[in-house]
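Here is the file entry-v2.cif (mmCIF, C-alpha atoms).
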data_work
loop_
_atom_site.label_atom_id
_atom_site.label_comp_id
_atom_site.auth_asym_id
_atom_site.auth_seq_id
_atom_site.Cartn_x
_atom_site.Cartn_y
_atom_site.Cartn_z
CA MET R 324 0.00 0.00 0.00
CA LEU R 325 1.38 3.41 -0.92
CA LEU R 326 1.87 6.07 1.74
CA ALA R 327 -0.45 8.49 -0.07
CA GLU R 328 -3.20 5.86 -0.27
CA PHE R 329 -2.78 5.01 3.41
CA SER R 330 -2.82 8.69 4.36
CA LEU R 331 -6.18 9.22 2.69
CA ARG R 332 -7.91 7.14 5.35
CA SER R 333 -6.27 8.52 8.47
CA LYS R 334 -5.06 11.73 10.08
CA ASN R 335 -1.42 10.86 10.64
CA LEU R 336 0.68 13.67 9.19
CA TRP R 337 2.06 16.47 11.34
CA VAL R 338 3.19 19.64 9.63
CA GLY R 339 5.93 21.44 11.48
CA VAL R 340 5.79 25.18 10.81
CA GLY R 341 8.25 27.92 11.54
CA CYS R 342 7.32 31.45 10.53
CA GLN R 343 8.19 35.07 11.00
CA LYS R 344 5.86 37.19 13.10
CA GLY R 345 2.96 38.46 11.01
CA THR R 346 3.17 35.81 8.30
CA SER R 347 -0.22 35.54 6.60
CA ARG R 348 -2.51 32.55 6.69
CA GLU R 349 -2.40 32.60 2.89
CA LEU R 350 1.39 32.22 2.76
CA ILE R 351 1.37 29.42 5.34
CA GLU R 352 -1.42 27.66 3.44
CA ALA R 353 0.36 28.10 0.08
CA ALA R 354 3.58 26.64 1.53
CA ILE R 355 1.76 23.59 2.91
CA THR R 356 -0.16 23.10 -0.35
CA HIS R 357 3.07 23.27 -2.35
CA VAL R 358 4.88 20.70 -0.18
CA PHE R 359 1.96 18.28 -0.18
CA LYS R 360 1.55 18.55 -3.95
CA GLU R 361 5.28 18.16 -4.58
CA HIS R 362 5.41 15.00 -2.44
CA GLN R 363 2.07 13.61 -3.63
CA LEU R 364 0.53 13.67 -0.16
CA SER R 365 -3.09 14.30 0.70
CA GLN R 366 -3.89 17.28 2.90
CA SER R 367 -6.83 15.29 4.22
CA ALA R 368 -4.23 13.26 6.17
CA ILE R 369 -3.08 16.28 8.18
CA ALA R 370 -3.64 15.76 11.90
CA GLY R 371 -2.42 19.23 12.72
CA LEU R 372 0.30 21.82 12.74
CA ALA R 373 3.17 21.93 15.21
CA THR R 374 5.40 24.86 16.13
CA ILE R 375 7.25 26.60 18.95
CA ASP R 376 5.14 27.82 21.88
CA THR R 377 5.92 31.48 21.16
CA LYS R 378 3.83 31.09 17.97
CA ALA R 379 0.74 29.76 19.80
CA ASP R 380 -1.11 33.00 19.11
CA GLU R 381 0.31 33.71 15.64
CA VAL R 382 -2.77 34.88 13.74
CA GLY R 383 -1.97 33.13 10.43
CA LEU R 384 -1.41 29.76 12.13
CA VAL R 385 -4.43 30.06 14.41
CA GLU R 386 -6.74 31.10 11.54
CA LEU R 387 -5.57 28.26 9.30
CA CYS R 388 -6.01 25.65 12.02
CA ARG R 389 -9.46 26.98 12.85
CA GLU R 390 -10.55 26.99 9.19
CA ARG R 391 -9.22 23.49 8.50
CA ASN R 392 -10.17 22.01 11.88
CA TRP R 393 -6.54 21.06 12.51
CA LEU R 394 -4.95 20.69 15.92
CA LEU R 395 -2.18 23.14 16.83
CA LYS R 396 0.53 21.63 19.02
CA THR R 397 3.23 23.82 20.47
CA PHE R 398 6.52 22.96 22.13
CA CYS R 399 8.94 25.08 24.14
CA ALA R 400 12.43 25.82 22.85
CA GLU R 401 13.92 23.65 25.61
CA ILE R 402 12.15 20.59 24.16
CA LEU R 403 12.74 21.46 20.50
CA ARG R 404 16.48 21.89 20.96
CA THR R 405 16.79 18.31 22.27
CA VAL R 406 15.47 16.89 18.98
CA CYS R 407 18.04 15.68 16.46
CA VAL R 408 17.13 17.15 13.05
CA PRO R 409 18.76 16.81 9.62
CA ASN R 410 18.88 20.57 8.91
CA PRO R 411 19.65 22.63 12.03
CA SER R 412 20.12 26.38 11.68
CA GLN R 413 22.62 28.31 13.79
CA LEU R 414 20.92 31.56 12.76
CA ILE R 415 17.58 30.39 14.16
CA HIS R 416 19.36 29.12 17.28
CA GLN R 417 20.75 32.62 17.92
CA TYR R 418 17.28 34.14 17.89
CA ILE R 419 15.07 31.56 19.60
CA ALA R 420 17.40 29.22 21.51
CA THR R 421 16.75 26.17 19.34
CA PRO R 422 18.35 25.20 16.02
CA SER R 423 15.04 23.95 14.61
CA VAL R 424 11.37 24.77 14.76
CA ALA R 425 9.61 23.15 11.78
CA GLU R 426 11.54 19.86 11.73
CA ALA R 427 11.78 19.49 15.52
CA ALA R 428 8.10 20.40 16.08
CA ALA R 429 6.91 17.94 13.39
CA LEU R 430 8.95 15.16 15.00
CA CYS R 431 7.71 16.01 18.50
CA ALA R 432 4.08 16.09 17.42
CA ALA R 433 4.36 12.83 15.48
CA GLU R 434 6.41 11.20 18.25
CA ARG R 435 8.92 10.00 15.65
CA LYS R 436 12.66 10.23 15.03
CA SER R 437 12.63 10.69 11.25
CA LEU R 438 10.92 13.09 8.87
CA LEU R 439 8.76 12.24 5.90
CA VAL R 440 9.67 15.60 4.30
CA PRO R 441 12.59 17.73 5.58
CA LYS R 442 12.17 21.47 5.97
CA GLN R 443 11.44 23.65 2.99
CA ILE R 444 11.53 27.45 3.16
CA PHE R 445 8.98 29.70 1.46
CA ARG R 446 9.01 33.42 0.92
CA PRO R 447 6.18 35.51 -0.51
CA VAL R 448 6.11 36.00 -4.27
CA ILE R 449 3.91 39.08 -3.93
CA LYS R 450 5.85 42.23 -3.04
CA ASP R 451 3.40 43.52 -0.43
CA GLN R 452 3.11 40.21 1.42
CA GLN R 453 5.31 39.84 4.48
CA GLY R 454 6.75 36.88 6.31
CA MET R 455 8.53 33.64 5.66
CA VAL R 456 7.48 30.04 6.32
CA THR R 457 9.40 26.85 6.93
CA VAL R 458 7.48 23.57 6.57
CA ALA R 459 8.47 19.99 7.46
CA ILE R 460 6.32 16.84 7.66
CA ALA R 461 6.44 13.81 9.94
CA GLN R 462 4.16 10.80 9.91
CA GLY R 463 2.72 9.94 13.29
CA LYS R 464 0.50 7.25 14.63
CA ASP R 465 -2.82 6.84 12.91
CA ARG R 466 -5.69 8.93 14.12
CA LYS R 467 -8.80 7.68 12.35
CA VAL R 468 -11.16 10.26 10.91
#
Reformat the file's structure so that it appears as structure tokens.
Amino acid sequence: MLLAEFSLRSKNLWVGVGCQKGTSRELIEAAITHVFKEHQLSQSAIAGLATIDTKADEVGLVELCRERNWLLKTFCAEILRTVCVPNPSQLIHQYIATPSVAEAAALCAAERKSLLVPKQIFRPVIKDQQGMVTVAIAQGKDRKV
């Protein structure tokens, strides 16, 4: 059975999201849509989004989760920095005390040690749109619909 076929029947994918303050729901949604399309995954398999706790009230994330009926799991920097990730960032570590948000949060939410899709970074293509989004995906335990 293919992963995409299996994913259609369950909610088992966790999308780790890192974003700049003020990033729009539209940019976050476009980034997720792009990654899922590129990797032939079904968005209907998304259990929720995962991020750092300082983004728990980020409007774009909260709105998207509310619209899509997705869970939003958050983790503190102390937990995220203990997670071994394939693409740590020293720049991110300088600002938020963890070398990873998207990859580490996806792994924490899915309770796994390896990613289905490593982080991908998205910037707005429209001049007036602000923000930046990093997306990573981990497959967790099945949560039936």
For this session: Name the residues that the PyMOL selection byres ((chain R and resi 429) around 6) picks from the file above, as a list in words, using the file's chain letters and numbers.
Result: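 Taken on the displayed file, the PyMOL selection byres ((chain R and resi 429) around 6) yields the residues Trp337, Val338, Gly339, Ala373, Glu426, Ala427, Ala428, Leu430, Cys431, Ala432, Ile460 and Ala461 of chain R.
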Could you write those residues out with C-alpha atoms, as a JSON list (two decimals), in the frame of the given file?
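Below you can see result_28.json, which holds the result:
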[["chain", "number", "residue", "atom", "x", "y", "z"],
["R", 337, "TRP", "CA", 2.06, 16.47, 11.34],
["R", 338, "VAL", "CA", 3.19, 19.64, 9.63],
["R", 339, "GLY", "CA", 5.93, 21.44, 11.48],
["R", 373, "ALA", "CA", 3.17, 21.93, 15.21],
["R", 426, "GLU", "CA", 11.54, 19.86, 11.73],
["R", 427, "ALA", "CA", 11.78, 19.49, 15.52],
["R", 428, "ALA", "CA", 8.10, 20.40, 16.08],
["R", 430, "LEU", "CA", 8.95, 15.16, 15.00],
["R", 431, "CYS", "CA", 7.71, 16.01, 18.50],
["R", 432, "ALA", "CA", 4.08, 16.09, 17.42],
["R", 460, "ILE", "CA", 6.32, 16.84, 7.66],
["R", 461, "ALA", "CA", 6.44, 13.81, 9.94]]
For this session: For R:Arg446, work out the shell of residues within 8 Å, counting only C-alpha atoms and skipping chain neighbours fewer than 4 positions away, then give it as a ChimeraX atom specification.
Result: /R:350,454-456
Problem set entry | Å distance separating atom CA of R:Lys436 from atom CA of R:Lys464, one decimal place |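 Computing it gives 12.5 Å between the two atoms.
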Exercise. Looking at only C-alpha atoms, which of R:Ala433, R:Val385, R:Ile419, R:Val408 is the one that sits closest to R:Ile369?
Worked result: R:Ala433
Exercise. In Å, with one decimal, what is the gap from atom CA of R:Glu390 to atom CA of R:Ile351?
Worked result: 12.8 Å
For this session: Enumerate, as a PyMOL selection string, the residues matched when the PyMOL selection byres ((chain R and resi 349) around 10) is run on the file above.
Result: chain R and resi 346-348+350-355+383-384+386-387+447+452
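Nearest residue to R:Thr457 among R:Thr377, R:Gln413, R:Thr421, R:Gln343 is R:Gln343, counting all atoms listed in the file.
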Exercise. Exactly which residues make up the result of the PyMOL selection byres ((chain R and resi 423) around 12) on this file, given as a PyMOL selection string?
Worked result: chain R and resi 339-342+374-375+398-422+424-431+441-442+457-459
If I put a ball of radius 6 Å at (-1.8, 20.7, 15.1) in the file's coordinates, which residues poke into it when counting only C-alpha atoms, written as a CSV table (one decimal) with C-alpha atoms, in the frame of the given file?
chain,number,residue,atom,x,y,z
R,371,GLY,CA,-2.4,19.2,12.7
R,372,LEU,CA,0.3,21.8,12.7
R,373,ALA,CA,3.2,21.9,15.2
R,393,TRP,CA,-6.5,21.1,12.5
R,394,LEU,CA,-5.0,20.7,15.9
R,395,LEU,CA,-2.2,23.1,16.8
R,396,LYS,CA,0.5,21.6,19.0
Exercise. In Å, how far is it from atom CA of R:Phe445 to atom CA of R:His362?
Worked result: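 Atom CA of R:Phe445 sits 15.6 Å away from atom CA of R:His362.
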